[in-house]
Structure formats: C-alpha cells, structure tokens
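For reference, the structure is listed below as structure tokens.
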Amino acid sequence: MLVGYVSDENYVAIAGVEFGFERDGASLTATSHASGAVFADITPGDWRVTLLKSGYTDKHVDVNVTGSELIPFRLLSDRMCGFMWPKWSRSGDTAEYCVHSTKEFRLDLWRYGWEKKFVRSLGWCDEHGPNAMVQILPDCDFTQTGVNWNRTGYNLEYQKHNISAPERSGLYYLHAKTRDGEFCSFPWIVSPPNPQAKIAVLSSTITQNAYNGFGGRSNYFNRDGLPNRPIVNSRQDLKRYTQPDTWPFEDTAAPLSFQRPEPSSCIPEDDQVTDTIAGRIESVFAPGEWRLLGRMETARVDGTRGIRLRPVLRNRSAL
Amino acid sequence: MPLALPVLYASLSWIGIEGSGTPKVISLPLERSWNMLVGYVSDERYVAVSDVLFEFRGPGGVIVARSSISGAVYADILPGDYEVVLGRDGYGSKIVEVQIRENEPHQFRLLSDCLLGYVWPRCVKSGERSEFRVHAVEEYELELRRYGAEKEFVRRIGTFDEHGPRATMQITPDGDYTQTGVEWNKHGYHSKALNQFIEAPERSGLYYFHARSKSGLSFTFPWIVAPDQPRSKVAVLASDINWNAYNSFGGRSNYINADRLPPTPIINSRLELKRYTEEEHRSYDQDTYEPLSLERPDPYNHIDEDEQLTDPIAGRQGCHLAAAEWRLLGWMERKGLDYDFYSETQFHFDQVPLDEYRVLIISTHPEYWSADMYFRLKKWVFERGGRLMYLGGNGLNCEVEFLDDHSVVYQNTNWSHSEPQFAPGGREYESRFAKRQESEANLLGVVFTFPGIMTAAPYQVTEADHWCFEGTGLKNGDTFGQKSLHMRVPGGASGHETDKVSSSSPSNVQVLARGLNPDGGGAEVVIHEPTGGGAVFSVGSICWPSSVLVDDAVSRITENVLRRFLD
C-alpha cells in the first residue's frame, strides 16, 4: 500500500527514510523511495509510525492509514534555525524564541542600528534529554498552519522560552551559536508602547512572509497549496518553471502562516551594516531593511537617534 | 567457534517491483519462520540505533539480523546461549555472551565514535593512584593541568595508541550501566607495562585531564586531589554527588529516567520522556530509585581547552557544576586564600578530618548529601565550633545513600518541587531531605523554594551595618551582585535556584541581603551563630560563585566572611 510521501522542510522528497509501523505488537518496516513515496505491506487502521534518517530529526507519529488519503510525512533537517513568536512585539510584551538545534547553543539579543549592539545574553540553552533542543515538524502543509514549535514536550513552565521585549524600539536580532560554531540569527521587531518619535518606519513583514518558502510554499511557488507529491527537482516539478508565462500560476491562494522560520532573514554573524548584502533574496528581508535603519540612526534623522517601528499586522487571509 | 558456519538470514524481506510497477513486500521462504524479539540496541544516551548488524552464534550455526528503526532486534532464533557480534559504522563493534530468553528483551549497548574519558577513582589523596580511562578511536595525547588561579600545566602524561586496530576504543556493558558503572579499561588492559595509572600530585586541588585526538577532538575531565594531611585551615568540598545526579551518560540521571531506564530506547526525547510529555509533570513520582554510578564519563564537566578563569562559563551545565566551582577556587587563589580540596564523596566516607579545619566551604550546587554527612557537619558546627560557608543554592536538599564506593541512590521520595508536600499530620515538608530527615534550614539557615528558579538578579542590602559588608560602601537598599559569569541564567549573583529563610531556620538567623528576583524568589544571604563559636554564612544562590571574580561587592563580602571565620 502507498501510505504517503516523506519530505523535508522545503517539501523536497527524502529518499532512504526508514519507517517502522507498529500496531498490537506487530512491527513492519519500509524505506522511502527516491520520490519520497512510502510503500508498506500494512492494512488500513491506526499505526504508530517511527521515522528515522541520519541528518534529520527522528520522530514517531500516530496515524490513521486509510489507503485513500496519503500521509504527508515531514522531517526537519539538522540545520539550525529559529524565529521569534510573535515576530513583532511592543516594548514590555513577551515573545517566545523557537529554535531548532541538535546541540546546546548560546542565545544573545542584539539591536541592529548603525551598529550591531549587544543587549544581553539569554544564556545557554539545552535540556537533559538527548537531542531535546530539536523541533518537530507537523505532518501537514504547515505553511498554512504554522510550525507550532515549542508545543510538543514543553510542559515545564519555568523552561518556557519567553522573553520580554526591550524598552527601546528597533530591529532586534537573536543570535544562536553552538560551541562548534554553527550560527543562525533571526529578527524581532520591537515597537514602542507609545510613540517616541515623529517618524514611524514599517517593516515589510507581509511581503517577507510572501517570499518565505519555508515549508515548501510561498507566494511565488505552490501558491494555492502544496502539490500532492513532494518535489524531486524544482525545474521539472514546479509550475514556476514548467509554465513560466502564466504567473500567478493559480487562481486561488491558500494562506501562508507567519509562524515559520524565515531563513532569508538570517544575517551572518560578521556582517556589518555597510557590507554588501549577501544572498539573492535577503535584500527584500530584514537584512535589506537594516541598512535603511542604520543609515537613519547615524544621520540622526529623527533628532533623537531613535526610530519607531510599527509593523502592520494584516489578516492572513489578505494574502 | 569454527569460522565456516551455515548462515540463516533472519527477517528477510525486501520491496520488489511487480509487473504493474507497484512495489510490494516479498517475503522469502525460510526453513524456520518464527521471529523473536531478542532485544533492543541503543547508544550511550539510550537512544535507539537502527541498522546495527548482528550475528548470533549458537550451536545451530550463525543467524544474522539487523536492528529496526526503534532499535528492536528481531531474529529467527530459539532461546538459549549465544555469542553475539554487533556493529555499525560510527560505533564500536563488540562481542558479547548473551542468554536469549523469550519475553525478556536484552539491552544491547554500543558506544559511538568520539573522545571521552574519566579518571577512577575520581577523588584521591595526594600520593594515591588513579587510572585514567579514555575512549578514543584514534591516537590521543593526554596532559594534566591544575585548575586554580590559572590553568596550570602540570605534566604531559603521554601519547596513547595501541598496535591493535581501534584498540583505544572502550566497550560499554550491555544493560543499564548507569547503575553499575561503565567499567572501562576492563577488557584487554591486562599488561602491567601498559597500565594507565597515575599518582596524584602533592598539591591539593582541582585537576583536569586534557585529552586531544589526532584529528583535533578535545575532551577534559576532572580529578579531585585532597591533601594527604591537612595543610590549610579551610577545606572546600567539590559537589561531586551533585555532578553525578546531573550526569546522564548511559541514558539516566536524576532528571531523566530517574527511577530506571524505560523498557525501550528513546527515539525522540520530547515525544517520550516523562519530563516533556506529562502535562503536570512531578519531578519524582516513585517511591524507589535505582542507583546512579559515579563510575561514568561526565561530559557535562568538560571545560573547553581555551576557556579561562574569568571567561563567561560556556554551556548550560557548566554554570552549576565543576566549571562554576573552579571560579571560586581560582578567586581564592588570586586572593591568597589557602584551602584544602576534597570531594563530597570523601566527606561521606569520613576522609575529611573536620576538626583539623576552622572553616568548611560548600559551594555552587551541593544539592545531594547523605544523612551521615549532614549530621556530622551539623554536630561540628553546633557542638564543636565549626564554621560553615555555604556559597551556593539548593543545597543539602535531598538525601543520598551509598550502596558501595560508587553506587548512589538518590532518595527523591515521591516529590514535586512546585507543589506543597505535607506530612500525615498536615505539616509541610520543606524539602526531600526534610521528608526523610529534617529540613536543611536547621543547619544552613535557608532552604530552596521554587520561586526564583531560572531567574537571576542582584541582591539588595538589608543589614548594611553588619561586618560582612565592611569595605563595600553599601548602604541599606543598595544593590550588589550585578555582574556574573553565569551564562545559563545571566542577570546577577542571586539566581538559577535560590534559598530563603523558613520556619525551620534557627531563631537567631539574620537576613543580611535579599535577591531582587521576581515573585519573591530572591536568595537570602543569612548568618547564624550557634553558641560555642560555630557559625554558618549562607548566600542561598547557585550564581554566587560565578560572580565572585567579577563583582567587587560579592568578592569583598566573601573575603570578609572567610577572614572573619578564620579569626
């Protein structure tokens, strides 16, 4: 029986994933094909399924195998990434850092103005259980629902990852770094509780979300929803390339959740505000906006060296 | 065992493609068709290892099998005695004798290819010998350093390799070796010429072995060297019983699988460990707990080679284990304050001649103590004029019992830190130690409570006229202890876990300062002086030793108390 397909966070098919199906003491194994297809000699019903492949987060899930509805199994690769949730806060409000890492990491808060200014360290993050700082991807099109990180196995109240937004408005970044040097950074927009300047700057979060392909969709490919099968080769599978002159490729658009990591917002640890912006799409994201903010602060555009960021929060359906 | 044996393949199946192109599982006919769950295979973290190849050598021949995704090993064999060979890339292969029984899955264990080590005994007196036990799959160098005011190079121990392939690789025993110890250097280390014993240096202190492999891996591990006889009037105890409580090597600590290993290895921690899956998780929900052996490598006590005394403490665990304790020792040496160094374990086994000392210092996170230790110390303070400096938090909170020289039972009782616990008469227990013995506040003046956990803040002075504040310039209401090297919970000297005065504290306890942690969670700095010349000074915070090198007030207060206690 074709049970489903397995893909990574980019909806790219993963071959060679080991599957274990268990029910009532019976156990069967299978291995995913080059297309990510999972065939197993099982009957319909409820199964505990364990997925394992080196380089990805192992997990188990309870599924109802029907034979007619294919299960979109998802595995998260070991690459460190993270995001703040919410991605924007008012000064004094709390937000939660959601980081995926296979190793303990140090987390620091920085403010990105003309210079990267260290604000404070949030300490070293790890847990007693083996590999307990890895996150789990839901088996679905989470580009629509959000990744729901920090929701499975985060029951201990004092270990919730909430932090309070600093007093000063601005573009903040969280820096996560492991002992062996793996690094990722992700933005946090902090607006003032009350206007502090005569100029308001908007971060283009809605546009950034439109371009964020984490999960396998953005407003520029798979706009109406994930296809039935994961991608093997973009140029062969995506309508963006197979039907290049018909954009937007679909008449309808499914929602895109803000609650996803945004790899294109990562700014390398050593990048400075006057450096050229690395990457093709980063200029559209926070790395590009940071250059404007930095210039405003050094030019004292508002006379106080402080600016106010006020992101506009639109209903997701507006996308 | 003859080399050429008939081979039967167990669990033979593969996916074949039939005419329609639809994959289908095809099973091969076997001479025998039963398939028995022989056991599970896991690594040193008790994480399931798939694709491990097994050979079961028995009277009927050789059966081969392969572990499944959950680490389960199914094989087409009958119960009985087997020689089992197992191996997988990235792990050390091994051969074990196993009695296979139905319905009693065997726990096979493999050790991953990495660099690890420990020294045994971990705590000795000057002149005594210990054996270093290192796991490496390539040649490695070993050096000894003393961690005081600096990382002082003591000597190069040598370069280690052996003629046999991967012969410096260790073997972990099957089963739950968190209880029994890993027993490294047990197999194939018989040659006296190649023994790995080393004599403890003359000078007491915290020593570290530095192992470095040819490919650049590094691992460091501590060695506690006590004096052969007292040399100072101050004794400092390393909290090695607490180190062991947190050490999860083998898949158990006092924080995961505290009572015993579960029957099957872990696949994903957040989905399986009770610590993460239970909505209302009680830290300890059993009445009995299997022991945790001291004889295990302790990766949490690794200190990076380039980390220096005044650097922020790297890593989450170092902030309350040996790395933090080193900060206090280094500070003492920089201040010219002599000390003799012992472990808690040595104190338990009555190897610390208390009456030869004027001051005993316990620090950082001495959470687990035996009743013998507690009452011996209490008598020394209350009856023989001993002076105790408790420079830590969540101290003496739970009783331990030693079964032998390395097996420690952590008597957690059925306990939750975050909910009140009551005795049958309605009296509230203040701690796990109180539930079995008495509240540690009777001795320390303070006891751990849940508010303030995982926060850090400065202290605020409440009794500025007290002699401990001499030279600080602090007045009532002033704050101190803003600076800290504690990187797990940055924010100040009062934090991580904090203790406060309770109804069990001595009536003459005096609160000198209080942490500004949220929800009334600030640690209380207290002093009480029983009649007879004894005294106890407590700071009630794990973060205190991480501030002593970088915060002038914390340094001055600590020095004031120590010098006064030595008078």
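Here, A, B, ... name the chains of the structure tokens in the order displayed, residue numbers run from 1 inside each chain, and ligands are numbered from 1 in the same displayed order.
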
From range 321-499 of chain B, collect each residue whose DSSP state is strand (DSSP E or B) and return the set as a PyMOL selection string.
chain B and resi 340-343+359-364+368-370+387-392+398-402+407-411+415+421-422+428-429+447-449+456-457+459-461+479-480+494-495+498-499

Could you give me, as an MDAnalysis selection string, the residues within 10 Å of range 128-134 of chain B, counting only C-alpha atoms and dropping anything in the same chain fewer than 2 positions from it?
chainID B and resid 115:126 136:137 140 142 160 168:170 183:186 195:202 209 211 219 221 223 225:226 228 296:297

Taking only C-alpha atoms into account and nothing else, which residues of chain B lie no more than 6 Å away from chain A? Please answer as a PyMOL selection string.
chain B and resi 25+69+268-270+276-277+279+315-316+487-489

Length of the CA of Arg45 in chain B to CA of His187 in chain B vector [Å]:
21.5 Å

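Residue nearest His496 in chain B, chosen from B:Phe469, B:Arg514, B:Asp355, B:Cys319 and counting only C-alpha atoms: B:Cys319.
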
Nearest to Val154 in chain B by atom-to-atom distance, counting only C-alpha atoms, from B:Arg66, B:Leu516, B:Arg203, B:Val409
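When distances to Val154 in chain B are compared using only C-alpha atoms, the smallest one comes from B:Arg203.
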
Helix (DSSP H, G or I) per DSSP on the backbone: members of range 178-317 of chain A, as JSON, numbers by chain
{"A": [205, 206, 207, 208, 209, 210, 211, 234, 235, 236, 237, 239, 240, 241, 242, 263, 264, 265, 282, 283, 284, 286, 287, 288, 289, 290, 291, 292, 293, 294, 295, 296, 297, 298, 299, 316, 317]}

Residues of range 129-214 of chain B that approach range 402-406 of chain B to 10 Å or less, counting only C-alpha atoms: could you list each one with the shortest pair of atoms and its distance in Å to one decimal, rows by chain and increasing residue number, as a Markdown table?
| residue | atom | partner | partner_atom | distance |
| --- | --- | --- | --- | --- |
| B:Gln179 | CA | B:His406 | CA | 9.2 |
| B:Thr180 | CA | B:His406 | CA | 8.3 |
| B:Gly181 | CA | B:His406 | CA | 7.9 |

Any chance you could export the current selection's all heavy atoms as a PDB file, in the first residue's frame?
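Generated output (result-v8.pdb):
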ATOM      1  N   GLN B 179      23.678   2.221  36.485  1.00  0.00           N
ATOM      2  CA  GLN B 179      23.643   1.690  37.844  1.00  0.00           C
ATOM      3  C   GLN B 179      24.961   1.037  38.249  1.00  0.00           C
ATOM      4  O   GLN B 179      25.361   1.108  39.414  1.00  0.00           O
ATOM      5  CB  GLN B 179      22.534   0.645  37.968  1.00  0.00           C
ATOM      6  CG  GLN B 179      21.137   1.173  37.693  1.00  0.00           C
ATOM      7  CD  GLN B 179      20.073   0.124  37.969  1.00  0.00           C
ATOM      8  OE1 GLN B 179      20.183  -0.634  38.931  1.00  0.00           O
ATOM      9  NE2 GLN B 179      19.052   0.081  37.145  1.00  0.00           N
ATOM     10  N   THR B 180      25.600   0.394  37.290  1.00  0.00           N
ATOM     11  CA  THR B 180      26.751  -0.447  37.643  1.00  0.00           C
ATOM     12  C   THR B 180      28.091   0.191  37.339  1.00  0.00           C
ATOM     13  O   THR B 180      29.128  -0.266  37.818  1.00  0.00           O
ATOM     14  CB  THR B 180      26.677  -1.748  36.820  1.00  0.00           C
ATOM     15  OG1 THR B 180      26.657  -1.394  35.422  1.00  0.00           O
ATOM     16  CG2 THR B 180      25.406  -2.525  37.136  1.00  0.00           C
ATOM     17  N   GLY B 181      28.086   1.237  36.528  1.00  0.00           N
ATOM     18  CA  GLY B 181      29.333   1.831  36.070  1.00  0.00           C
ATOM     19  C   GLY B 181      29.735   1.271  34.719  1.00  0.00           C
ATOM     20  O   GLY B 181      29.284   0.187  34.323  1.00  0.00           O
TER      21      GLY B 181
END
